[in-house]
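Source file: run.txt; contents: compact mmCIF, C-alpha atoms.
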# COMPACT_ATOMS: atom_id res chain seq x y z
CA SER A 1 87.81 117.79 77.06
CA ILE A 2 87.00 115.63 80.13
CA GLU A 3 85.19 112.45 79.09
CA LYS A 4 84.98 110.41 82.30
CA VAL A 5 85.06 111.19 86.03
CA ILE A 6 85.26 108.82 88.99
CA ILE A 7 84.35 110.66 92.19
CA PRO A 8 86.58 109.77 95.19
CA SER A 9 84.64 108.17 98.03
CA GLN A 10 85.96 110.61 100.66
CA LEU A 11 84.80 113.72 98.73
CA SER A 12 82.26 115.62 100.86
CA GLN A 13 81.30 118.45 98.50
CA LEU A 14 80.99 119.17 94.80
CA GLY A 15 80.61 122.90 94.22
CA ALA A 16 77.95 124.48 92.03
CA GLY A 17 78.58 124.11 88.32
CA THR A 18 81.58 121.79 88.79
CA PHE A 19 81.09 119.99 85.47
CA SER A 20 78.72 122.37 83.70
CA PHE A 21 79.20 122.83 79.95
CA CYS A 22 81.60 119.86 79.78
CA ASN A 23 80.46 118.90 76.30
CA ARG A 24 82.50 115.69 76.12
CA LEU A 25 81.76 114.43 79.61
CA LYS A 26 79.80 111.21 79.15
CA SER A 27 80.36 109.35 82.41
CA ILE A 28 80.35 110.29 86.10
CA ARG A 29 80.70 107.45 88.55
CA PHE A 30 80.00 107.71 92.27
CA PRO A 31 81.32 104.94 94.54
CA PRO A 32 78.68 103.12 96.64
CA ASP A 33 80.26 104.48 99.84
CA SER A 34 80.40 108.08 98.61
CA LYS A 35 80.39 110.66 101.43
CA LEU A 36 78.49 113.22 99.37
CA ASP A 37 75.10 114.15 100.81
CA SER A 38 74.04 116.56 98.06
CA ILE A 39 74.56 117.33 94.41
CA ASP A 40 74.77 121.09 94.10
CA GLU A 41 73.04 123.31 91.57
CA ARG A 42 74.21 123.13 87.97
CA THR A 43 76.73 120.39 88.80
CA CYS A 44 76.44 118.82 85.34
CA PHE A 45 74.37 121.48 83.60
CA CYS A 46 74.52 121.20 79.82
CA SER A 47 77.06 118.36 79.83
CA SER A 48 76.99 115.16 77.75
CA VAL A 49 76.46 112.72 80.62
CA GLU A 50 74.53 109.67 79.42
CA ARG A 51 73.78 107.72 82.59
CA ILE A 52 73.91 108.48 86.29
CA LEU A 53 73.56 106.37 89.43
CA ILE A 54 72.80 108.57 92.45
CA PRO A 55 74.50 107.12 95.56
CA CYS A 56 72.51 106.30 98.67
CA ASN A 57 73.71 109.16 100.92
CA ILE A 58 72.56 111.96 98.61
CA LYS A 59 69.69 113.83 100.28
CA LYS A 60 69.28 116.70 97.81
CA ILE A 61 69.69 117.19 94.08
CA GLY A 62 70.15 120.89 93.44
CA ALA A 63 68.51 123.22 90.94
CA PHE A 64 69.46 122.59 87.30
CA ALA A 65 71.94 119.91 88.46
CA PHE A 66 71.47 117.83 85.29
CA SER A 67 69.34 120.22 83.28
CA SER A 68 69.88 120.35 79.51
CA CYS A 69 71.95 117.16 79.49
CA GLU A 70 70.51 116.18 76.16
CA ASN A 71 72.18 112.75 76.11
CA LEU A 72 71.08 111.75 79.62
CA ILE A 73 68.79 108.76 79.11
CA SER A 74 69.08 106.95 82.45
CA VAL A 75 68.85 108.12 86.07
CA ASP A 76 68.90 105.47 88.78
CA PHE A 77 68.95 105.71 92.56
CA ALA A 78 70.66 103.35 94.98
CA GLY A 79 68.23 100.89 96.54
CA ASN A 80 68.59 102.40 100.00
CA SER A 81 68.46 105.98 98.76
CA LYS A 82 68.11 108.74 101.36
CA LEU A 83 67.08 111.35 98.79
CA GLN A 84 64.53 113.82 100.17
CA LEU A 85 64.46 116.76 97.78
CA ILE A 86 64.59 117.18 94.01
CA GLU A 87 65.09 120.89 93.37
CA LYS A 88 63.72 122.97 90.50
CA SER A 89 64.69 121.99 86.97
CA ALA A 90 67.04 119.31 88.31
CA PHE A 91 66.48 117.04 85.31
CA SER A 92 64.68 119.38 82.89
CA SER A 93 65.21 119.06 79.15
CA THR A 94 66.99 115.71 79.30
CA ALA A 95 66.41 112.46 77.39
CA ILE A 96 65.44 110.42 80.46
CA GLU A 97 63.07 107.62 79.50
CA LYS A 98 61.87 106.48 82.92
CA VAL A 99 62.38 107.37 86.56
CA SER A 100 61.55 105.73 89.88
CA ILE A 101 61.29 108.29 92.68
CA PRO A 102 62.84 107.02 95.96
CA SER A 103 60.55 106.56 98.95
CA HIS A 104 62.05 109.30 101.16
CA VAL A 105 61.53 112.13 98.66
CA THR A 106 59.11 114.67 100.17
CA GLN A 107 59.17 117.35 97.48
CA ILE A 108 59.60 117.50 93.74
CA LYS A 109 60.09 121.18 92.98
CA GLU A 110 58.97 123.21 89.98
CA CYS A 111 60.04 122.15 86.51
CA ALA A 112 62.05 119.22 87.90
CA PHE A 113 61.38 117.08 84.82
CA VAL A 114 59.79 119.61 82.47
CA SER A 115 60.33 119.07 78.74
CA CYS A 116 61.75 115.55 79.14
CA ASP A 117 60.26 114.52 75.82
CA GLU A 118 61.29 110.86 76.10
CA LEU A 119 60.00 110.36 79.65
CA THR A 120 57.20 107.79 79.45
CA SER A 121 57.23 106.28 82.94
CA VAL A 122 57.28 107.78 86.44
CA ASN A 123 56.97 105.40 89.37
CA PHE A 124 56.66 106.23 93.04
CA ALA A 125 57.62 103.80 95.79
CA ARG A 126 54.73 102.11 97.60
CA ASP A 127 55.94 103.59 100.88
CA SER A 128 56.50 107.03 99.35
CA VAL A 129 56.31 110.02 101.72
CA LEU A 130 56.01 112.53 98.87
CA ARG A 131 53.86 115.50 99.85
CA PHE A 132 54.31 118.09 97.15
CA ILE A 133 54.53 118.00 93.35
CA GLY A 134 55.60 121.43 92.16
CA ASN A 135 54.51 123.64 89.29
CA ASP A 136 55.37 122.23 85.87
CA ALA A 137 57.15 119.30 87.53
CA PHE A 138 56.30 116.86 84.73
CA SER A 139 54.76 119.09 82.06
CA TYR A 140 55.59 118.52 78.42
CA THR A 141 56.67 114.91 78.97
CA SER A 142 55.47 111.67 77.39
CA ILE A 143 54.19 110.08 80.60
CA GLU A 144 51.42 107.59 79.88
CA LYS A 145 50.22 106.72 83.38
CA VAL A 146 50.76 108.06 86.88
CA VAL A 147 49.67 106.92 90.34
CA ILE A 148 49.83 109.78 92.85
CA PRO A 149 51.07 108.56 96.28
CA ALA A 150 48.73 108.84 99.28
CA PRO A 151 50.78 111.44 101.25
CA VAL A 152 50.67 114.03 98.43
CA THR A 153 48.63 117.05 99.55
CA THR A 154 49.23 119.44 96.65
CA ILE A 155 49.63 119.06 92.91
CA GLY A 156 51.04 122.33 91.63
CA GLU A 157 50.11 124.48 88.67
CA TYR A 158 50.71 122.86 85.27
CA ALA A 159 52.31 119.86 87.04
CA PHE A 160 51.20 117.41 84.33
CA SER A 161 49.96 119.84 81.71
CA CYS A 162 50.54 119.24 78.01
CA CYS A 163 51.30 115.56 78.63
CA GLU A 164 49.60 114.50 75.44
CA LYS A 165 50.17 110.77 76.04
CA LEU A 166 48.89 110.79 79.62
CA ILE A 167 45.82 108.57 79.58
CA SER A 168 45.54 107.37 83.17
CA VAL A 169 45.75 109.29 86.46
CA GLU A 170 45.06 107.38 89.64
CA PHE A 171 45.24 108.35 93.29
CA ALA A 172 46.41 105.91 95.94
CA ARG A 173 43.90 104.67 98.50
CA ASN A 174 43.51 106.95 101.51
CA SER A 175 44.82 109.87 99.46
CA ASN A 176 45.57 113.06 101.44
CA LEU A 177 45.34 115.25 98.37
CA SER A 178 43.63 118.54 99.18
CA VAL A 179 44.48 120.88 96.30
CA ILE A 180 44.76 120.41 92.54
CA GLU A 181 46.13 123.71 91.26
CA ARG A 182 45.33 125.49 88.00
CA GLU A 183 45.96 123.64 84.75
CA ALA A 184 47.51 120.75 86.66
CA PHE A 185 46.35 118.22 84.06
CA ALA A 186 45.31 120.54 81.23
CA SER A 187 45.79 119.41 77.63
CA SER A 188 46.41 115.79 78.56
CA SER A 189 44.66 112.66 77.24
CA ILE A 190 43.07 111.55 80.50
CA GLU A 191 39.93 109.51 79.93
CA LYS A 192 38.62 109.24 83.48
CA VAL A 193 39.40 110.81 86.85
CA SER A 194 38.16 109.96 90.34
CA ILE A 195 38.69 112.93 92.64
CA PRO A 196 39.92 111.88 96.12
CA SER A 197 37.59 112.60 99.03
CA LYS A 198 39.89 115.09 100.82
CA VAL A 199 40.25 117.43 97.86
CA THR A 200 38.81 120.84 98.80
CA LYS A 201 39.84 122.85 95.75
CA ILE A 202 40.30 122.24 92.05
CA GLY A 203 41.92 125.24 90.39
CA GLU A 204 40.91 126.97 87.19
CA TYR A 205 41.43 125.10 83.93
CA ALA A 206 42.80 122.12 85.93
CA PHE A 207 41.45 119.62 83.40
CA SER A 208 40.69 121.94 80.51
CA ASP A 209 41.33 120.80 76.94
CA CYS A 210 41.37 117.15 78.00
CA ARG A 211 39.55 116.18 74.84
CA THR A 212 39.17 112.51 75.80
CA LEU A 213 37.98 113.05 79.38
CA LYS A 214 34.53 111.47 79.63
CA ILE A 215 34.13 110.50 83.30
CA VAL A 216 34.69 112.63 86.43
CA GLU A 217 33.76 111.02 89.73
CA PHE A 218 33.38 112.52 93.20
CA PRO A 219 32.97 110.22 96.22
CA ALA A 220 29.93 110.48 98.46
CA ASP A 221 32.07 111.78 101.33
CA CYS A 222 33.89 114.38 99.25
CA LYS A 223 35.00 117.62 100.94
CA ILE A 224 35.15 119.71 97.78
CA GLN A 225 34.47 123.40 98.36
CA ILE A 226 35.82 125.14 95.27
CA ILE A 227 35.72 124.15 91.61
CA ASP A 228 37.25 127.14 89.89
CA LYS A 229 36.43 128.60 86.50
CA GLU A 230 36.58 126.46 83.38
CA THR A 231 38.01 123.55 85.34
CA PHE A 232 36.63 121.00 82.89
CA SER A 233 36.20 123.19 79.82
CA ASN A 234 36.73 121.75 76.34
CA THR A 235 36.56 118.12 77.48
CA ALA A 236 34.71 115.26 75.86

Rendering of file as structure tokens:
Amino acid sequence: SIEKVIIPSQLSQLGAGTFSFCNRLKSIRFPPDSKLDSIDERTCFCSSVERILIPCNIKKIGAFAFSSCENLISVDFAGNSKLQLIEKSAFSSTAIEKVSIPSHVTQIKECAFVSCDELTSVNFARDSVLRFIGNDAFSYTSIEKVVIPAPVTTIGEYAFSCCEKLISVEFARNSNLSVIEREAFASSSIEKVSIPSKVTKIGEYAFSDCRTLKIVEFPADCKIQIIDKETFSNTA
């Protein structure tokens, strides 16, 4: 019947599943000087947490840490966040409406935000060092626009698939993207896409069933080697 938790600043570890299935737990507060450097897997799985502010020293958010928190509408990160890794399904099936990924994050693992129906906005820091967006990372969300940071080299399978409100996908200047995996943007509402010059492979069905996709551009210096089967099938 826990409803509120204030984490002591000297606490160095929260074990896996510490507050999982706490149906009445609405508030967890971390002090700004928290010693925690990670949030373990399933820490708040299937709880009723509504808002969370991740303290600056957290470097990893574990698998399913906040998954299935159906009342979780707000996730914020301290301005000087040291977060590097968002593990699989960390925030899946929550009610998050927007998220700003901290600059030091290098990987967003599979299904990290899958089935966040209310998620309309994902922003990446201008100095982002993100390199990998995992399979299904943002699939089945309501994202409307996304700008992929320059350091990203791989967009995983189904990463933005079935994002029916996704109209605009842009790639930062000097993009290092080399691989767009299968069905990465399938069944979205993208209208135009400009493939970055360093992309060597676009996987099968990557943009299939994008019924409003009318323009696909490749730069003159493109390094594309493989466009797999039905990559652009059933588009406009």

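For the residues A:Cys56, A:Ile7, A:Cys222, A:Cys163, ranking by smallest atom-to-atom distance to Ser175 of chain A using all atoms listed in the file places A:Cys222 first.
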
Fewer than 4 positions away in the same chain doesn't count, so skip those; otherwise give me all residues within 8 Å of segment 61-75 of chain A, counting only C-alpha atoms, as a PyMOL selection string. chain A and resi 17+38-54+83+85-99

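Counting only C-alpha atoms and comparing A:Ser161, A:Thr18, A:Ser121, A:Thr153, the residue that lies closest to Asn135 of chain A is A:Ser161.
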
Who sits within 7 Å of Lys35 of chain A, all atoms listed in the file, same chain under 3 positions skipped, as a ChimeraX atom specification: /A:9-12,57

Of the residues A:Phe113, A:Phe21, A:Tyr140, A:Phe132, which is the one nearest to Glu164 of chain A, using only C-alpha atoms? A:Tyr140

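Among the candidates A:Ile195, A:Ile28, A:Cys111, A:Ala220, the residue lying nearest to Gly156 of chain A is A:Cys111 (atoms considered: only C-alpha atoms).
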
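Of the listed residues (A:Ser103, A:Asn234, A:Ser34, A:Ser168), A:Ser34 comes nearest to Gln13 of chain A; the distances count only C-alpha atoms.
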
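Taking atom CA of Lys165 of chain A and atom CA of Asn123 of chain A as endpoints, the distance between them is 15.9 Å.
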
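Proximity of A:Arg173, A:Glu110, A:Ile190, A:Glu157 to Lys145 of chain A, computed with all atoms listed in the file, is greatest for A:Ile190.
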
Name the residues, using the chain letters and numbers of the file, that sit within 12 Å of (48.2, 116.5, 81.5) when counting all atoms listed in the file, and give them as a ChimeraX atom specification. /A:136-146,155,157-169,182-191,193,205-213

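Picture a line from atom CA of Lys229 of chain A to atom CA of Gly203 of chain A; it runs 7.5 Å.
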
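Neighbouring residues of Val105 of chain A at 9 Å or closer, counting only C-alpha atoms and skipping chain neighbours under 2 positions away, are Lys59, Lys82, Leu83, Gln84, Leu85, Ile86, Ile101, Pro102, Ser103, Gln107, Ile108, Ser128, Val129, Leu130 and Arg131 of chain A.
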
Would you save the residues from that selection as a PDB file, in the coordinates of the input, using C-alpha atoms?
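Ended up saving to result.pdb:
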ATOM      1  CA  LYS A  59      69.690 113.830 100.280  1.00  0.00           C
ATOM      2  CA  LYS A  82      68.110 108.740 101.360  1.00  0.00           C
ATOM      3  CA  LEU A  83      67.080 111.350  98.790  1.00  0.00           C
ATOM      4  CA  GLN A  84      64.530 113.820 100.170  1.00  0.00           C
ATOM      5  CA  LEU A  85      64.460 116.760  97.780  1.00  0.00           C
ATOM      6  CA  ILE A  86      64.590 117.180  94.010  1.00  0.00           C
ATOM      7  CA  ILE A 101      61.290 108.290  92.680  1.00  0.00           C
ATOM      8  CA  PRO A 102      62.840 107.020  95.960  1.00  0.00           C
ATOM      9  CA  SER A 103      60.550 106.560  98.950  1.00  0.00           C
ATOM     10  CA  GLN A 107      59.170 117.350  97.480  1.00  0.00           C
ATOM     11  CA  ILE A 108      59.600 117.500  93.740  1.00  0.00           C
ATOM     12  CA  SER A 128      56.500 107.030  99.350  1.00  0.00           C
ATOM     13  CA  VAL A 129      56.310 110.020 101.720  1.00  0.00           C
ATOM     14  CA  LEU A 130      56.010 112.530  98.870  1.00  0.00           C
ATOM     15  CA  ARG A 131      53.860 115.500  99.850  1.00  0.00           C
TER      16      ARG A 131
END

What's the separation between atom CA of Thr106 of chain A and atom CA of Ser194 of chain A, in Å to one decimal place? 23.6 Å
